[in-house]
Amino acid sequence: MTKMHTSQKLSQRGLYDPQFEHDACGIGFVARLSGAPSHEIIQMALTAVGNMAHRGGVAADGKSGDGAGVLTQIPQAFFARELQRLGISYNVADLAVGMVFLPRDAAARDAARELVAAALASYNLQLLGWRAVPVDSDALAERADLLLAIDSGTA
């Protein structure tokens, strides 16, 4: 008997199109049933990500990756401090956080920020502020550093 691929069994319906079917390696899921936050959970999640290198998400240099990461609860104490530092009064329990990779070019970065603000406003969401995330370029592989240089127009 010939094994039939899933997409061969399915037909196009609505927005679904089987031509976009593909296999994926999977995900790891680590949680504490009580819901209590813990650094131990993060350590286990990082171990799970590290054990999924077989996905092909790591380049030959052993350092560059495909961006796989860990999704966590919003660290409310951290963002309460950041809001205070920015002079913003807001209920942290109602906070949503987005990570946006912005262009290095100042004009392009400003334009991107305006697009994000406009998109949020279209959903009646208020943009509270921006936080520059510290980056340790020494931790980047040579290839990743080259990509940063090309993206910033310095190569």
# chains A, B, ... in the order shown; residues from 1 in each chain; ligands from 1

call {"tool": "residues_around", "arguments": {"residues": "A:Thr72", "least_positions_apart": "5", "cutoff": "10 Å", "atoms": "only C-alpha atoms", "output": "PDB file with all heavy atoms, in the first residue's frame"}}
result
ATOM      1  N   ALA A  31       5.083  23.686  30.990  1.00  0.00           N
ATOM      2  CA  ALA A  31       4.225  24.539  31.812  1.00  0.00           C
ATOM      3  C   ALA A  31       4.132  23.973  33.220  1.00  0.00           C
ATOM      4  O   ALA A  31       4.347  22.784  33.437  1.00  0.00           O
ATOM      5  CB  ALA A  31       2.827  24.624  31.208  1.00  0.00           C
ATOM      6  N   PRO A  37       4.768  31.477  37.871  1.00  0.00           N
ATOM      7  CA  PRO A  37       5.990  31.681  37.083  1.00  0.00           C
ATOM      8  C   PRO A  37       7.211  31.159  37.831  1.00  0.00           C
ATOM      9  O   PRO A  37       7.250  31.169  39.061  1.00  0.00           O
ATOM     10  CB  PRO A  37       6.055  33.201  36.903  1.00  0.00           C
ATOM     11  CG  PRO A  37       5.173  33.783  37.933  1.00  0.00           C
ATOM     12  CD  PRO A  37       4.176  32.723  38.316  1.00  0.00           C
ATOM     13  N   ILE A  41      11.057  26.821  34.820  1.00  0.00           N
ATOM     14  CA  ILE A  41      10.276  26.581  33.597  1.00  0.00           C
ATOM     15  C   ILE A  41      11.049  27.109  32.382  1.00  0.00           C
ATOM     16  O   ILE A  41      11.117  26.455  31.339  1.00  0.00           O
ATOM     17  CB  ILE A  41       8.888  27.253  33.681  1.00  0.00           C
ATOM     18  CG1 ILE A  41       8.077  26.671  34.830  1.00  0.00           C
ATOM     19  CG2 ILE A  41       8.141  27.138  32.364  1.00  0.00           C
ATOM     20  CD1 ILE A  41       7.692  25.228  34.662  1.00  0.00           C
ATOM     21  N   ILE A  42      11.650  28.284  32.510  1.00  0.00           N
ATOM     22  CA  ILE A  42      12.441  28.861  31.418  1.00  0.00           C
ATOM     23  C   ILE A  42      13.630  27.958  31.119  1.00  0.00           C
ATOM     24  O   ILE A  42      13.943  27.688  29.948  1.00  0.00           O
ATOM     25  CB  ILE A  42      12.926  30.290  31.769  1.00  0.00           C
ATOM     26  CG1 ILE A  42      11.745  31.224  32.003  1.00  0.00           C
ATOM     27  CG2 ILE A  42      13.859  30.822  30.690  1.00  0.00           C
ATOM     28  CD1 ILE A  42      10.858  31.419  30.800  1.00  0.00           C
ATOM     29  N   ALA A  45      12.409  25.052  29.176  1.00  0.00           N
ATOM     30  CA  ALA A  45      12.040  25.453  27.815  1.00  0.00           C
ATOM     31  C   ALA A  45      13.283  25.647  26.947  1.00  0.00           C
ATOM     32  O   ALA A  45      13.312  25.237  25.782  1.00  0.00           O
ATOM     33  CB  ALA A  45      11.202  26.724  27.846  1.00  0.00           C
TER      34      ALA A  45
END

call {"tool": "select_by_dssp", "arguments": {"residues": "stretch 4-137 of chain A", "states": "alpha helix (DSSP H)", "output": "ChimeraX atom specification"}}
result
/A:6-9,39-50,76-85,106-122

call {"tool": "write_last_selection", "arguments": {"atoms": "N, CA and C atoms", "output": "CSV table (one decimal), in the first residue's frame"}}
result
chain,number,residue,atom,x,y,z
A,6,THR,N,-0.7,13.8,3.5
A,6,THR,CA,-1.9,14.5,3.9
A,6,THR,C,-2.5,15.4,2.9
A,7,SER,N,-1.7,16.2,2.2
A,7,SER,CA,-2.2,17.2,1.3
A,7,SER,C,-2.9,16.5,0.1
A,8,GLN,N,-2.6,15.3,-0.2
A,8,GLN,CA,-3.2,14.6,-1.3
A,8,GLN,C,-4.7,14.2,-0.9
A,9,LYS,N,-4.9,14.1,0.4
A,9,LYS,CA,-6.3,13.7,0.8
A,9,LYS,C,-7.2,14.8,1.0
A,39,HIS,N,11.7,30.5,37.1
A,39,HIS,CA,12.9,30.4,36.2
A,39,HIS,C,13.2,29.0,35.8
A,40,GLU,N,12.8,28.0,36.6
A,40,GLU,CA,13.0,26.6,36.3
A,40,GLU,C,12.2,26.2,35.0
A,41,ILE,N,11.1,26.8,34.8
A,41,ILE,CA,10.3,26.6,33.6
A,41,ILE,C,11.0,27.1,32.4
A,42,ILE,N,11.6,28.3,32.5
A,42,ILE,CA,12.4,28.9,31.4
A,42,ILE,C,13.6,28.0,31.1
A,43,GLN,N,14.3,27.5,32.2
A,43,GLN,CA,15.4,26.6,31.9
A,43,GLN,C,15.0,25.3,31.2
A,44,MET,N,13.9,24.8,31.5
A,44,MET,CA,13.4,23.6,30.8
A,44,MET,C,13.0,23.9,29.4
A,45,ALA,N,12.4,25.1,29.2
A,45,ALA,CA,12.0,25.5,27.8
A,45,ALA,C,13.3,25.6,26.9
A,46,LEU,N,14.3,26.3,27.5
A,46,LEU,CA,15.6,26.4,26.8
A,46,LEU,C,16.2,25.1,26.4
A,47,THR,N,16.1,24.2,27.4
A,47,THR,CA,16.6,22.8,27.1
A,47,THR,C,15.9,22.2,25.9
A,48,ALA,N,14.5,22.4,25.9
A,48,ALA,CA,13.7,21.8,24.9
A,48,ALA,C,14.1,22.4,23.5
A,49,VAL,N,14.3,23.7,23.5
A,49,VAL,CA,14.7,24.4,22.2
A,49,VAL,C,16.1,23.9,21.8
A,50,GLY,N,17.0,23.7,22.7
A,50,GLY,CA,18.3,23.2,22.4
A,50,GLY,C,18.3,21.8,21.9
A,76,GLN,N,5.5,40.9,34.4
A,76,GLN,CA,4.8,42.1,34.9
A,76,GLN,C,5.7,43.0,35.7
A,77,ALA,N,6.5,42.4,36.6
A,77,ALA,CA,7.4,43.3,37.4
A,77,ALA,C,8.4,44.0,36.6
A,78,PHE,N,8.9,43.4,35.6
A,78,PHE,CA,9.9,44.0,34.7
A,78,PHE,C,9.2,45.1,33.9
A,79,PHE,N,8.0,44.9,33.3
A,79,PHE,CA,7.4,45.9,32.5
A,79,PHE,C,6.8,47.0,33.4
A,80,ALA,N,6.5,46.7,34.6
A,80,ALA,CA,6.1,47.8,35.6
A,80,ALA,C,7.3,48.8,35.8
A,81,ARG,N,8.5,48.2,35.9
A,81,ARG,CA,9.7,49.1,36.1
A,81,ARG,C,9.9,49.9,34.8
A,82,GLU,N,9.8,49.2,33.6
A,82,GLU,CA,10.0,49.9,32.4
A,82,GLU,C,9.0,51.0,32.1
A,83,LEU,N,7.7,50.8,32.5
A,83,LEU,CA,6.7,51.8,32.3
A,83,LEU,C,7.0,53.0,33.2
A,84,GLN,N,7.4,52.7,34.5
A,84,GLN,CA,7.8,53.7,35.4
A,84,GLN,C,9.0,54.5,34.9
A,85,ARG,N,10.0,53.8,34.3
A,85,ARG,CA,11.2,54.5,33.8
A,85,ARG,C,10.8,55.4,32.6
A,106,ALA,N,17.7,55.5,10.4
A,106,ALA,CA,16.8,56.3,11.3
A,106,ALA,C,15.5,56.7,10.6
A,107,ALA,N,15.5,57.1,9.3
A,107,ALA,CA,14.3,57.5,8.6
A,107,ALA,C,13.4,56.3,8.4
A,108,ALA,N,14.0,55.1,8.0
A,108,ALA,CA,13.2,53.9,7.8
A,108,ALA,C,12.6,53.4,9.1
A,109,ARG,N,13.4,53.6,10.2
A,109,ARG,CA,12.9,53.1,11.5
A,109,ARG,C,11.7,54.0,12.0
A,110,ASP,N,11.8,55.3,11.8
A,110,ASP,CA,10.7,56.2,12.1
A,110,ASP,C,9.5,55.9,11.3
A,111,ALA,N,9.6,55.6,10.0
A,111,ALA,CA,8.5,55.2,9.2
A,111,ALA,C,7.9,53.9,9.6
A,112,ALA,N,8.7,53.0,10.0
A,112,ALA,CA,8.2,51.7,10.5
A,112,ALA,C,7.4,51.9,11.8
A,113,ARG,N,7.9,52.7,12.7
A,113,ARG,CA,7.2,53.0,14.0
A,113,ARG,C,5.9,53.6,13.7
A,114,GLU,N,5.8,54.5,12.7
A,114,GLU,CA,4.5,55.2,12.4
A,114,GLU,C,3.5,54.1,11.8
A,115,LEU,N,4.0,53.2,11.0
A,115,LEU,CA,3.2,52.1,10.5
A,115,LEU,C,2.6,51.3,11.7
A,116,VAL,N,3.5,50.9,12.6
A,116,VAL,CA,3.0,50.1,13.8
A,116,VAL,C,2.0,50.9,14.5
A,117,ALA,N,2.2,52.2,14.8
A,117,ALA,CA,1.3,53.0,15.6
A,117,ALA,C,-0.1,53.1,14.8
A,118,ALA,N,0.0,53.3,13.5
A,118,ALA,CA,-1.3,53.4,12.7
A,118,ALA,C,-2.0,52.0,12.8
A,119,ALA,N,-1.3,50.9,12.7
A,119,ALA,CA,-2.0,49.6,12.7
A,119,ALA,C,-2.6,49.4,14.0
A,120,LEU,N,-2.0,49.7,15.1
A,120,LEU,CA,-2.5,49.6,16.5
A,120,LEU,C,-3.8,50.5,16.6
A,121,ALA,N,-3.7,51.7,16.2
A,121,ALA,CA,-4.8,52.6,16.3
A,121,ALA,C,-6.0,52.1,15.5
A,122,SER,N,-5.8,51.4,14.4
A,122,SER,CA,-6.9,50.9,13.6
A,122,SER,C,-7.7,49.9,14.4

call {"tool": "closest_atom_pairs", "arguments": {"of": "stretch 35-91 of chain A", "to": "stretch 131-140 of chain A", "cutoff": "9 Å", "atoms": "only C-alpha atoms", "output": "tab-separated table"}}
result
residue	atom	partner	partner_atom	distance
A:Lys63	CA	A:Leu140	CA	7.1
A:Ser64	CA	A:Leu140	CA	7.3
A:Glu82	CA	A:Arg131	CA	8.2
A:Leu86	CA	A:Arg131	CA	9.0
